[in-house]
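Printed here is structure.tsv (TSV, C-alpha atoms):
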```
chain	number	residue	atom	x	y	z
J	180	MET	CA	26.48	28.84	2.19
J	181	LEU	CA	23.00	29.08	0.74
J	182	THR	CA	22.86	25.29	0.66
J	183	GLN	CA	23.46	25.11	4.40
J	184	TYR	CA	20.73	27.64	5.18
J	185	LEU	CA	18.35	25.73	2.92
J	186	PHE	CA	19.29	22.47	4.65
J	187	PHE	CA	18.57	23.86	8.11
J	188	PHE	CA	15.35	25.51	7.01
J	189	LEU	CA	14.03	22.34	5.32
J	190	SER	CA	15.06	20.17	8.28
J	191	ALA	CA	13.36	22.46	10.78
J	192	VAL	CA	10.13	22.59	8.78
J	193	ALA	CA	10.19	18.81	8.29
J	194	LEU	CA	10.72	18.07	11.98
J	195	ILE	CA	8.09	20.58	13.14
J	196	SER	CA	5.47	19.27	10.73
J	197	ALA	CA	6.35	15.66	11.64
J	198	VAL	CA	5.71	16.51	15.30
J	199	MET	CA	2.48	18.25	14.31
J	200	VAL	CA	1.33	15.02	12.57
J	201	LEU	CA	1.33	13.43	16.02
J	202	LEU	CA	0.01	16.42	17.97
J	203	SER	CA	-2.93	17.46	15.80
J	204	LYS	CA	-6.28	16.20	17.03
J	205	LYS	CA	-8.07	15.74	13.72
J	206	PRO	CA	-6.83	13.08	11.27
J	207	ILE	CA	-7.24	15.42	8.30
J	208	HIS	CA	-4.80	17.92	9.83
J	209	SER	CA	-2.36	15.05	10.34
J	210	VAL	CA	-2.61	14.18	6.63
J	211	LEU	CA	-1.97	17.79	5.60
J	212	TYR	CA	1.06	18.13	7.90
J	213	LEU	CA	2.36	14.83	6.50
J	214	THR	CA	2.10	16.30	3.00
J	215	LEU	CA	4.16	19.29	4.14
J	216	THR	CA	6.80	16.88	5.47
J	217	PHE	CA	6.87	15.10	2.11
J	218	PHE	CA	7.41	18.37	0.24
J	219	THR	CA	10.32	19.35	2.47
J	220	LEU	CA	11.85	15.91	1.91
J	221	ALA	CA	11.55	16.49	-1.85
J	222	GLY	CA	13.53	19.69	-1.25
J	223	HIS	CA	16.18	17.63	0.50
J	224	TYR	CA	16.42	15.35	-2.53
J	225	ILE	CA	16.96	18.37	-4.78
J	226	LEU	CA	19.72	19.60	-2.43
J	227	LEU	CA	21.41	16.21	-2.88
J	228	ASN	CA	21.10	16.62	-6.67
J	229	ALA	CA	18.84	13.53	-6.86
J	230	GLN	CA	16.41	15.07	-9.32
J	231	PHE	CA	14.81	11.82	-10.46
J	232	LEU	CA	14.01	10.81	-6.88
J	233	ALA	CA	12.66	14.28	-6.08
J	234	VAL	CA	10.17	14.09	-8.95
J	235	VAL	CA	9.18	10.49	-8.17
J	236	HIS	CA	8.79	11.41	-4.50
J	237	ILE	CA	6.40	14.25	-5.28
J	238	ILE	CA	4.38	12.14	-7.75
J	239	VAL	CA	4.12	9.08	-5.49
J	240	TYR	CA	3.78	10.64	-2.04
J	241	ALA	CA	2.16	14.03	-2.59
J	242	GLY	CA	0.14	12.67	-5.50
J	243	ALA	CA	-0.93	9.12	-4.84
J	244	ILE	CA	-0.47	8.40	-1.14
J	245	MET	CA	-1.85	11.72	0.12
J	246	VAL	CA	-4.94	11.30	-2.08
J	247	LEU	CA	-5.43	7.76	-0.73
J	248	PHE	CA	-5.24	9.00	2.87
J	249	LEU	CA	-7.57	11.94	2.21
J	250	PHE	CA	-10.11	9.72	0.45
J	251	THR	CA	-10.10	7.26	3.33
J	252	VAL	CA	-10.55	10.01	5.92
J	253	MET	CA	-13.32	11.74	4.01
J	254	LEU	CA	-15.23	8.75	2.63
J	255	LEU	CA	-15.36	6.95	5.96
J	256	ASN	CA	-16.14	10.21	7.78
J	257	LEU	CA	-13.30	9.57	10.23
J	258	ASN	CA	-12.57	13.21	10.95
J	259	ILE	CA	-13.73	13.13	14.55
J	260	GLU	CA	-11.73	15.17	17.02
J	261	GLY	CA	-9.72	13.37	19.70
J	262	GLU	CA	-11.92	10.29	19.59
J	263	PHE	CA	-9.64	7.93	21.45
J	264	GLN	CA	-6.52	8.73	23.41
J	265	LYS	CA	-3.98	6.61	25.16
J	266	SER	CA	-3.40	7.32	28.84
J	267	THR	CA	-0.79	9.90	29.80
J	268	LEU	CA	1.42	7.18	31.24
J	269	MET	CA	1.41	5.26	27.96
J	270	LYS	CA	2.24	8.43	26.00
J	271	PHE	CA	5.10	9.20	28.39
J	272	VAL	CA	6.49	5.67	28.06
J	273	ALA	CA	6.19	5.85	24.26
J	274	ALA	CA	8.06	9.18	24.17
J	275	LEU	CA	10.71	7.72	26.47
J	276	ALA	CA	11.19	4.67	24.21
J	277	GLY	CA	11.37	6.86	21.10
J	278	GLY	CA	13.91	9.13	22.78
J	279	MET	CA	15.99	6.10	23.72
J	280	ILE	CA	16.01	4.95	20.08
J	281	PHE	CA	17.11	8.44	19.06
J	282	LEU	CA	19.96	8.31	21.58
J	283	VAL	CA	21.11	4.90	20.35
J	284	LEU	CA	21.06	6.03	16.73
J	285	ILE	CA	22.99	9.18	17.63
J	286	GLY	CA	25.44	7.05	19.61
J	287	THR	CA	26.58	5.44	16.36
J	288	LEU	CA	27.93	8.83	15.31
J	289	LYS	CA	30.71	8.49	17.87
J	290	SER	CA	32.45	5.78	15.87
J	291	PHE	CA	31.39	7.27	12.55
J	292	ASP	CA	34.23	7.80	10.16
J	293	VAL	CA	33.27	7.54	6.52
J	294	SER	CA	35.38	9.12	3.85
J	295	ILE	CA	33.38	11.41	1.62
J	296	VAL	CA	34.16	10.52	-1.96
J	297	SER	CA	32.30	13.11	-3.92
J	298	ASN	CA	30.72	16.50	-3.52
J	299	PRO	CA	26.95	15.90	-3.61
J	300	GLU	CA	26.35	19.16	-5.46
J	301	MET	CA	28.68	18.08	-8.24
J	302	THR	CA	27.74	14.42	-8.50
J	303	GLN	CA	25.76	13.39	-11.56
J	304	ILE	CA	24.40	10.02	-10.50
J	305	GLY	CA	20.99	11.40	-9.48
J	306	LEU	CA	20.11	12.58	-12.95
J	307	VAL	CA	17.49	10.67	-14.92
J	308	LYS	CA	19.96	9.68	-17.65
J	309	ASN	CA	22.55	8.07	-15.37
J	310	LEU	CA	20.03	6.48	-13.02
J	311	GLY	CA	18.07	5.08	-15.95
J	312	LYS	CA	21.19	3.42	-17.36
J	313	THR	CA	21.77	1.64	-14.05
J	314	LEU	CA	18.10	0.77	-13.59
J	315	TYR	CA	17.71	-0.79	-17.03
J	316	SER	CA	20.98	-2.72	-17.02
J	317	GLU	CA	21.82	-4.01	-13.53
J	318	TYR	CA	18.38	-3.81	-11.94
J	319	LEU	CA	16.14	-4.73	-14.87
J	320	MET	CA	14.82	-7.92	-13.24
J	321	PRO	CA	13.62	-6.34	-9.94
J	322	PHE	CA	12.17	-3.45	-11.95
J	323	GLU	CA	10.02	-5.80	-13.99
J	324	LEU	CA	9.06	-7.80	-10.91
J	325	SER	CA	7.82	-4.63	-9.22
J	326	SER	CA	5.13	-4.37	-11.91
J	327	ILE	CA	3.84	-7.79	-10.79
J	328	LEU	CA	3.87	-6.48	-7.20
J	329	PHE	CA	1.77	-3.49	-8.26
J	330	LEU	CA	-0.67	-5.70	-10.16
J	331	SER	CA	-1.15	-8.00	-7.17
J	332	ALA	CA	-1.52	-4.99	-4.83
J	333	MET	CA	-4.18	-3.53	-7.11
J	334	VAL	CA	-6.09	-6.81	-7.32
J	335	GLY	CA	-5.82	-7.23	-3.54
J	336	ALA	CA	-7.08	-3.71	-2.82
J	337	VAL	CA	-10.07	-4.16	-5.15
J	338	MET	CA	-10.87	-7.57	-3.65
J	339	LEU	CA	-10.69	-6.21	-0.08
J	340	GLY	CA	-12.71	-3.12	-0.90
J	341	LYS	CA	-15.54	-4.95	-2.64
J	342	LYS	CA	-18.73	-5.41	-0.65
J	343	ASP	CA	-19.80	-8.94	0.18
J	344	LYS	CA	-22.83	-10.08	-1.77
J	345	ASN	CA	-24.19	-12.37	0.92
L	225	MET	CA	43.90	19.52	-0.88
L	226	GLU	CA	41.07	20.11	-3.29
L	227	ASN	CA	39.17	17.29	-1.63
L	228	THR	CA	39.41	18.85	1.83
L	229	ILE	CA	38.12	22.18	0.54
L	230	ALA	CA	35.12	20.41	-0.95
L	231	GLN	CA	34.50	18.69	2.37
L	232	ILE	CA	34.44	21.97	4.28
L	233	GLN	CA	31.97	23.53	1.91
L	234	VAL	CA	29.40	20.75	1.72
L	235	ILE	CA	26.93	19.83	4.45
L	236	PRO	CA	28.51	17.18	6.71
L	237	LEU	CA	27.03	13.73	6.38
L	238	GLN	CA	26.55	13.72	10.17
L	239	TYR	CA	23.82	16.35	9.84
L	240	TYR	CA	21.84	14.03	7.60
L	241	ILE	CA	22.24	11.20	10.12
L	242	LEU	CA	21.02	13.46	12.93
L	243	PHE	CA	18.03	14.69	10.97
L	244	CYS	CA	17.00	11.23	9.74
L	245	SER	CA	17.37	9.72	13.22
L	246	ALA	CA	15.11	12.44	14.63
L	247	LEU	CA	12.52	11.83	11.92
L	248	PHE	CA	12.67	8.06	12.48
L	249	SER	CA	12.25	8.50	16.26
L	250	ILE	CA	9.21	10.70	15.72
L	251	GLY	CA	7.73	7.89	13.62
L	252	VAL	CA	8.47	5.35	16.36
L	253	ILE	CA	6.82	7.55	18.99
L	254	GLY	CA	3.78	7.91	16.74
L	255	VAL	CA	3.40	4.14	16.33
L	256	LEU	CA	3.73	3.60	20.08
L	257	ALA	CA	1.62	6.49	21.36
L	258	LYS	CA	-1.35	6.59	18.99
L	259	ARG	CA	-4.52	4.51	18.90
L	260	ASN	CA	-5.86	5.79	15.60
L	261	ALA	CA	-4.87	3.27	12.91
L	262	LEU	CA	-4.69	6.01	10.27
L	263	VAL	CA	-2.12	8.03	12.24
L	264	ILE	CA	-0.12	4.85	12.83
L	265	PHE	CA	0.05	4.37	9.06
L	266	MET	CA	1.30	7.94	8.68
L	267	SER	CA	4.02	7.33	11.27
L	268	VAL	CA	5.15	4.25	9.34
L	269	GLU	CA	5.40	6.46	6.24
L	270	LEU	CA	7.56	8.92	8.19
L	271	MET	CA	9.96	6.12	9.16
L	272	LEU	CA	10.18	4.85	5.57
L	273	ASN	CA	10.91	8.37	4.34
L	274	SER	CA	13.69	8.96	6.83
L	275	ALA	CA	15.38	5.73	5.72
L	276	ASN	CA	14.95	6.81	2.09
L	277	LEU	CA	16.56	10.19	2.65
L	278	LEU	CA	19.55	8.67	4.45
L	279	LEU	CA	20.07	6.12	1.65
L	280	THR	CA	20.00	8.94	-0.90
L	281	ALA	CA	22.44	11.03	1.14
L	282	PHE	CA	24.95	8.19	1.42
L	283	SER	CA	24.51	7.38	-2.27
L	284	ALA	CA	25.20	10.99	-3.27
L	285	TYR	CA	28.21	11.35	-0.98
L	286	ARG	CA	29.72	8.00	-2.04
L	287	ASN	CA	28.94	8.48	-5.75
L	288	ASP	CA	27.17	5.11	-5.97
L	289	PRO	CA	23.89	4.92	-7.91
L	290	ALA	CA	22.77	1.66	-6.24
L	291	GLY	CA	21.49	3.57	-3.17
L	292	GLN	CA	19.15	5.69	-5.23
L	293	ILE	CA	17.85	2.62	-7.08
L	294	PHE	CA	17.04	1.05	-3.72
L	295	VAL	CA	15.16	4.20	-2.70
L	296	PHE	CA	13.13	3.92	-5.89
L	297	PHE	CA	12.19	0.33	-5.06
L	298	ILE	CA	11.33	1.29	-1.46
L	299	MET	CA	8.95	3.92	-2.84
L	300	VAL	CA	7.35	1.24	-5.08
L	301	VAL	CA	6.81	-1.08	-2.13
L	302	ALA	CA	5.55	1.78	0.07
L	303	ALA	CA	2.91	2.72	-2.49
L	304	ALA	CA	1.67	-0.88	-2.70
L	305	GLU	CA	1.72	-1.15	1.10
L	306	VAL	CA	-0.40	1.97	1.56
L	307	ALA	CA	-2.97	0.80	-0.98
L	308	ILE	CA	-3.36	-2.60	0.73
L	309	GLY	CA	-3.19	-1.11	4.24
L	310	LEU	CA	-5.93	1.42	3.62
L	311	ALA	CA	-8.11	-1.26	1.98
L	312	LEU	CA	-7.67	-3.37	5.12
L	313	LEU	CA	-8.54	-0.33	7.23
L	314	VAL	CA	-11.79	0.11	5.29
L	315	VAL	CA	-12.66	-3.56	5.87
L	316	VAL	CA	-11.92	-3.22	9.60
L	317	TYR	CA	-14.05	-0.09	9.77
L	318	ARG	CA	-16.95	-1.86	8.08
L	319	SER	CA	-16.91	-4.74	10.55
L	320	THR	CA	-16.20	-2.85	13.80
L	321	LYS	CA	-17.43	0.72	12.99
L	322	THR	CA	-14.21	2.19	14.40
L	323	ILE	CA	-10.52	2.42	13.53
L	324	ASP	CA	-9.40	2.27	17.15
L	325	ILE	CA	-6.74	-0.45	17.15
L	326	ASN	CA	-7.78	-1.49	20.66
L	327	ALA	CA	-10.99	-2.79	19.10
L	328	LEU	CA	-8.85	-5.44	17.44
L	329	ASN	CA	-7.54	-6.96	20.66
L	330	ARG	CA	-9.63	-10.07	20.01
L	331	LEU	CA	-6.77	-11.07	17.72
L	332	LYS	CA	-4.49	-11.19	20.75
L	333	TRP	CA	-4.96	-14.74	21.99
```
Using structure tokens, write down the structure from this file.
Amino acid sequence: MLTQYLFFFLSAVALISAVMVLLSKKPIHSVLYLTLTFFTLAGHYILLNAQFLAVVHIIVYAGAIMVLFLFTVMLLNLNIEGEFQKSTLMKFVAALAGGMIFLVLIGTLKSFDVSIVSNPEMTQIGLVKNLGKTLYSEYLMPFELSSILFLSAMVGAVMLGKKDKN
Amino acid sequence: MENTIAQIQVIPLQYYILFCSALFSIGVIGVLAKRNALVIFMSVELMLNSANLLLTAFSAYRNDPAGQIFVFFIMVVAAAEVAIGLALLVVVYRSTKTIDINALNRLKW
């Protein structure tokens, strides 16, 4: 029962803060609301007993990505209130299109019939030990390739961020 | 019989689909309705996260670790994407002195 209350609470906070990301005028408030959304999603991972993903999510999103966003906002001095807005018509059309996508995605629920195999509170696959066994046996090759991806991303970011000499 | 009892007690998988669809739609609305490139990046992150959560939910309910491995790789790619994207944003800001995406409409034709 407690799990259900926690689920509804986390979902409500996540949705409200996700809406606030769009509604807040200053970019820095958007970043902070986005961080709140990330923390509630980490709570969702813990509810699903995916402890490894919860920890990685907090480290990557709340640690690295939030810091990147905050540094960009603050170093470039972008925190100007309501600088540019789309017209009301465009916002209305965007909301309409997003609502349509929501309806279509919900429409798939009608023919949704998946058999639940395991109780997510009892399942053990999200633990570091079991996930690590899978990661280092079946998915060793993509795991090593992702390090090359990170290296190239780092080199690319440094190259783009460097000032031109001439 | 034991299986049905477990199904009644746990959160239905439909709730996760509803929640993740709502989060994804909010991300779509953000990409369509905003002109600030930084907020558009944040909306893309929202969409990625909703997909991640749904993959994890299905993986936990189906007892299949492959879903959670995929989520891990999506997080890896998202981190690299944000680093490159924000570097590009800095370059755009240096050349145009704004991050309004409408300033980039010279790329249109």
Could you pull the residues within 12 Å of region 307-309 of chain L, counting all atoms listed in the file, minus those fewer than 4 positions along the same chain, as a ChimeraX atom specification?
/J:239-240,243-248,250-251,328-340 /L:261-262,264-266,268-269,300-303,313-316
Find the residues of chain L that sit at most 8 Å from chain J; for each, write down the nearest two atoms and how far apart they are in Å, to one decimal. Count all atoms listed in the file. Sort by chain, then by number going up, and give it as a tab-separated table.
```
residue	atom	partner	partner_atom	distance
L:Ala230	CA	J:Asn298	CA	6.4
L:Gln231	CA	J:Asn298	CA	7.3
L:Gln233	CA	J:Met180	CA	7.6
L:Val234	CA	J:Asn298	CA	6.9
L:Ile235	CA	J:Gln183	CA	6.3
L:Gln238	CA	J:Leu288	CA	7.2
L:Ile241	CA	J:Ile285	CA	7.8
L:Leu242	CA	J:Ile285	CA	6.7
L:Phe243	CA	J:Ser190	CA	6.8
L:Ser245	CA	J:Phe281	CA	6.0
L:Ala246	CA	J:Phe281	CA	6.3
L:Leu247	CA	J:Leu194	CA	6.5
L:Phe248	CA	J:Phe281	CA	7.9
L:Ser249	CA	J:Gly277	CA	5.2
L:Ile250	CA	J:Val198	CA	6.8
L:Val252	CA	J:Gly277	CA	5.8
L:Ile253	CA	J:Gly277	CA	5.1
L:Gly254	CA	J:Leu201	CA	6.1
L:Leu256	CA	J:Ala273	CA	5.3
L:Ala257	CA	J:Lys270	CA	5.1
L:Lys258	CA	J:Lys265	CA	6.7
L:Arg259	CA	J:Gln264	CA	6.5
L:Asn260	CA	J:Phe263	CA	7.3
L:Leu262	CA	J:Pro206	CA	7.5
L:Val263	CA	J:Pro206	CA	7.0
L:Met266	CA	J:Leu213	CA	7.3
L:Leu270	CA	J:Ala197	CA	7.7
L:Asn273	CA	J:Leu220	CA	8.0
L:Leu277	CA	J:Tyr224	CA	7.3
L:Thr280	CA	J:Tyr224	CA	7.5
L:Ala281	CA	J:Leu227	CA	6.6
L:Ala284	CA	J:Pro299	CA	5.2
L:Tyr285	CA	J:Ser297	CA	5.3
L:Arg286	CA	J:Val296	CA	5.1
L:Asn287	CA	J:Ser297	CA	6.0
L:Asp288	CA	J:Ile304	CA	7.2
L:Pro289	CA	J:Ile304	CA	5.7
L:Ala290	CA	J:Thr313	CA	7.9
L:Gln292	CA	J:Gly305	CA	7.4
L:Ile293	CA	J:Leu314	CA	6.8
L:Val295	CA	J:Leu232	CA	7.9
L:Phe296	CA	J:Leu232	CA	7.0
L:Phe297	CA	J:Ser325	CA	7.8
L:Met299	CA	J:Val239	CA	7.5
L:Val300	CA	J:Ser325	CA	7.2
L:Val301	CA	J:Leu328	CA	8.0
L:Ala303	CA	J:Ile244	CA	6.7
L:Ala304	CA	J:Ala332	CA	5.6
L:Glu305	CA	J:Ala332	CA	7.8
L:Val306	CA	J:Ile244	CA	7.0
L:Ala307	CA	J:Ala336	CA	6.4
L:Ile308	CA	J:Ala336	CA	5.3
L:Leu310	CA	J:Thr251	CA	7.2
L:Ala311	CA	J:Ala336	CA	5.5
L:Leu312	CA	J:Leu339	CA	6.7
L:Val314	CA	J:Gly340	CA	7.0
L:Val315	CA	J:Gly340	CA	6.8
L:Asp324	CA	J:Phe263	CA	7.1
```
Selection from above, C-alpha atoms, as an mmCIF file, keeping the file's coordinate frame, can you write it?
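Result file again30.cif:
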```
data_model
loop_
_atom_site.group_PDB
_atom_site.id
_atom_site.type_symbol
_atom_site.label_atom_id
_atom_site.label_comp_id
_atom_site.auth_asym_id
_atom_site.auth_seq_id
_atom_site.Cartn_x
_atom_site.Cartn_y
_atom_site.Cartn_z
ATOM 1 C CA ALA L 230 35.120 20.410 -0.950
ATOM 2 C CA GLN L 231 34.500 18.690 2.370
ATOM 3 C CA GLN L 233 31.970 23.530 1.910
ATOM 4 C CA VAL L 234 29.400 20.750 1.720
ATOM 5 C CA ILE L 235 26.930 19.830 4.450
ATOM 6 C CA GLN L 238 26.550 13.720 10.170
ATOM 7 C CA ILE L 241 22.240 11.200 10.120
ATOM 8 C CA LEU L 242 21.020 13.460 12.930
ATOM 9 C CA PHE L 243 18.030 14.690 10.970
ATOM 10 C CA SER L 245 17.370 9.720 13.220
ATOM 11 C CA ALA L 246 15.110 12.440 14.630
ATOM 12 C CA LEU L 247 12.520 11.830 11.920
ATOM 13 C CA PHE L 248 12.670 8.060 12.480
ATOM 14 C CA SER L 249 12.250 8.500 16.260
ATOM 15 C CA ILE L 250 9.210 10.700 15.720
ATOM 16 C CA VAL L 252 8.470 5.350 16.360
ATOM 17 C CA ILE L 253 6.820 7.550 18.990
ATOM 18 C CA GLY L 254 3.780 7.910 16.740
ATOM 19 C CA LEU L 256 3.730 3.600 20.080
ATOM 20 C CA ALA L 257 1.620 6.490 21.360
ATOM 21 C CA LYS L 258 -1.350 6.590 18.990
ATOM 22 C CA ARG L 259 -4.520 4.510 18.900
ATOM 23 C CA ASN L 260 -5.860 5.790 15.600
ATOM 24 C CA LEU L 262 -4.690 6.010 10.270
ATOM 25 C CA VAL L 263 -2.120 8.030 12.240
ATOM 26 C CA MET L 266 1.300 7.940 8.680
ATOM 27 C CA LEU L 270 7.560 8.920 8.190
ATOM 28 C CA ASN L 273 10.910 8.370 4.340
ATOM 29 C CA LEU L 277 16.560 10.190 2.650
ATOM 30 C CA THR L 280 20.000 8.940 -0.900
ATOM 31 C CA ALA L 281 22.440 11.030 1.140
ATOM 32 C CA ALA L 284 25.200 10.990 -3.270
ATOM 33 C CA TYR L 285 28.210 11.350 -0.980
ATOM 34 C CA ARG L 286 29.720 8.000 -2.040
ATOM 35 C CA ASN L 287 28.940 8.480 -5.750
ATOM 36 C CA ASP L 288 27.170 5.110 -5.970
ATOM 37 C CA PRO L 289 23.890 4.920 -7.910
ATOM 38 C CA ALA L 290 22.770 1.660 -6.240
ATOM 39 C CA GLN L 292 19.150 5.690 -5.230
ATOM 40 C CA ILE L 293 17.850 2.620 -7.080
ATOM 41 C CA VAL L 295 15.160 4.200 -2.700
ATOM 42 C CA PHE L 296 13.130 3.920 -5.890
ATOM 43 C CA PHE L 297 12.190 0.330 -5.060
ATOM 44 C CA MET L 299 8.950 3.920 -2.840
ATOM 45 C CA VAL L 300 7.350 1.240 -5.080
ATOM 46 C CA VAL L 301 6.810 -1.080 -2.130
ATOM 47 C CA ALA L 303 2.910 2.720 -2.490
ATOM 48 C CA ALA L 304 1.670 -0.880 -2.700
ATOM 49 C CA GLU L 305 1.720 -1.150 1.100
ATOM 50 C CA VAL L 306 -0.400 1.970 1.560
ATOM 51 C CA ALA L 307 -2.970 0.800 -0.980
ATOM 52 C CA ILE L 308 -3.360 -2.600 0.730
ATOM 53 C CA LEU L 310 -5.930 1.420 3.620
ATOM 54 C CA ALA L 311 -8.110 -1.260 1.980
ATOM 55 C CA LEU L 312 -7.670 -3.370 5.120
ATOM 56 C CA VAL L 314 -11.790 0.110 5.290
ATOM 57 C CA VAL L 315 -12.660 -3.560 5.870
ATOM 58 C CA ASP L 324 -9.400 2.270 17.150
#
```
Which one of J:Glu323, J:Leu189, J:Tyr212, J:Lys289 sits closest to Tyr240 (chain L) if you count all atoms listed in the file?
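Nearest candidate to Tyr240 (chain L) out of J:Glu323, J:Leu189, J:Tyr212, J:Lys289: J:Leu189.
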Padding 5 Å on every side, please: axis-aligned box over the listed atoms of region 308-327 of chain L, centre and edge lengths to one decimal in Å, as lines of an AutoDock Vina configuration file.
```
center_x = -10.3
center_y = -1.2
center_z = 10.7
size_x = 24.2
size_y = 17.2
size_z = 29.9
```
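You will find CA of Thr219 (chain J) at 14.8 Å from CA of Met271 (chain L).
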By how many Å are CA of Ser274 (chain L) and CA of Ile298 (chain L) apart?
11.5 Å
A straight line from CA of Leu249 (chain J) to CA of Lys321 (chain L) spans 18.4 Å
Could region 324-343 of chain J be completed with N, CA and C atoms and returned as a PDB file, in the frame of the given file?
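Wrote selection_3.pdb, looks like this:
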```
ATOM      1  N   LEU J 324       9.825  -7.097 -11.945  1.00  0.00           N
ATOM      2  CA  LEU J 324       9.060  -7.800 -10.910  1.00  0.00           C
ATOM      3  C   LEU J 324       8.184  -6.841 -10.118  1.00  0.00           C
ATOM      4  N   SER J 325       8.622  -5.579  -9.985  1.00  0.00           N
ATOM      5  CA  SER J 325       7.820  -4.630  -9.220  1.00  0.00           C
ATOM      6  C   SER J 325       6.482  -4.365  -9.900  1.00  0.00           C
ATOM      7  N   SER J 326       6.422  -4.550 -11.233  1.00  0.00           N
ATOM      8  CA  SER J 326       5.130  -4.370 -11.910  1.00  0.00           C
ATOM      9  C   SER J 326       4.164  -5.478 -11.483  1.00  0.00           C
ATOM     10  N   ILE J 327       4.698  -6.703 -11.271  1.00  0.00           N
ATOM     11  CA  ILE J 327       3.840  -7.790 -10.790  1.00  0.00           C
ATOM     12  C   ILE J 327       3.346  -7.473  -9.380  1.00  0.00           C
ATOM     13  N   LEU J 328       4.258  -6.880  -8.554  1.00  0.00           N
ATOM     14  CA  LEU J 328       3.870  -6.480  -7.200  1.00  0.00           C
ATOM     15  C   LEU J 328       2.720  -5.480  -7.238  1.00  0.00           C
ATOM     16  N   PHE J 329       2.827  -4.495  -8.148  1.00  0.00           N
ATOM     17  CA  PHE J 329       1.770  -3.490  -8.260  1.00  0.00           C
ATOM     18  C   PHE J 329       0.461  -4.109  -8.693  1.00  0.00           C
ATOM     19  N   LEU J 330       0.548  -5.051  -9.662  1.00  0.00           N
ATOM     20  CA  LEU J 330      -0.670  -5.700 -10.160  1.00  0.00           C
ATOM     21  C   LEU J 330      -1.355  -6.455  -9.019  1.00  0.00           C
ATOM     22  N   SER J 331      -0.549  -7.215  -8.252  1.00  0.00           N
ATOM     23  CA  SER J 331      -1.150  -8.000  -7.170  1.00  0.00           C
ATOM     24  C   SER J 331      -1.705  -7.069  -6.086  1.00  0.00           C
ATOM     25  N   ALA J 332      -1.007  -5.934  -5.823  1.00  0.00           N
ATOM     26  CA  ALA J 332      -1.520  -4.990  -4.830  1.00  0.00           C
ATOM     27  C   ALA J 332      -2.846  -4.402  -5.288  1.00  0.00           C
ATOM     28  N   MET J 333      -2.948  -4.102  -6.582  1.00  0.00           N
ATOM     29  CA  MET J 333      -4.180  -3.530  -7.110  1.00  0.00           C
ATOM     30  C   MET J 333      -5.329  -4.531  -6.998  1.00  0.00           C
ATOM     31  N   VAL J 334      -5.054  -5.786  -7.407  1.00  0.00           N
ATOM     32  CA  VAL J 334      -6.090  -6.810  -7.320  1.00  0.00           C
ATOM     33  C   VAL J 334      -6.515  -7.021  -5.865  1.00  0.00           C
ATOM     34  N   GLY J 335      -5.507  -7.035  -4.957  1.00  0.00           N
ATOM     35  CA  GLY J 335      -5.820  -7.230  -3.540  1.00  0.00           C
ATOM     36  C   GLY J 335      -6.666  -6.104  -2.977  1.00  0.00           C
ATOM     37  N   ALA J 336      -6.321  -4.852  -3.343  1.00  0.00           N
ATOM     38  CA  ALA J 336      -7.080  -3.710  -2.820  1.00  0.00           C
ATOM     39  C   ALA J 336      -8.511  -3.753  -3.316  1.00  0.00           C
ATOM     40  N   VAL J 337      -8.706  -4.092  -4.606  1.00  0.00           N
ATOM     41  CA  VAL J 337     -10.070  -4.160  -5.150  1.00  0.00           C
ATOM     42  C   VAL J 337     -10.856  -5.271  -4.472  1.00  0.00           C
ATOM     43  N   MET J 338     -10.175  -6.428  -4.266  1.00  0.00           N
ATOM     44  CA  MET J 338     -10.870  -7.570  -3.650  1.00  0.00           C
ATOM     45  C   MET J 338     -11.277  -7.243  -2.212  1.00  0.00           C
ATOM     46  N   LEU J 339     -10.372  -6.561  -1.468  1.00  0.00           N
ATOM     47  CA  LEU J 339     -10.690  -6.210  -0.080  1.00  0.00           C
ATOM     48  C   LEU J 339     -11.790  -5.151  -0.011  1.00  0.00           C
ATOM     49  N   GLY J 340     -11.765  -4.214  -0.974  1.00  0.00           N
ATOM     50  CA  GLY J 340     -12.710  -3.120  -0.900  1.00  0.00           C
ATOM     51  C   GLY J 340     -14.092  -3.455  -1.381  1.00  0.00           C
ATOM     52  N   LYS J 341     -14.240  -4.594  -2.096  1.00  0.00           N
ATOM     53  CA  LYS J 341     -15.540  -4.950  -2.640  1.00  0.00           C
ATOM     54  C   LYS J 341     -16.489  -5.390  -1.518  1.00  0.00           C
ATOM     55  N   LYS J 342     -17.737  -4.998  -1.644  1.00  0.00           N
ATOM     56  CA  LYS J 342     -18.730  -5.410  -0.650  1.00  0.00           C
ATOM     57  C   LYS J 342     -19.124  -6.865  -0.851  1.00  0.00           C
ATOM     58  N   ASP J 343     -19.363  -7.555   0.264  1.00  0.00           N
ATOM     59  CA  ASP J 343     -19.800  -8.940   0.180  1.00  0.00           C
ATOM     60  C   ASP J 343     -21.232  -8.991  -0.350  1.00  0.00           C
TER      61      ASP J 343
END
```
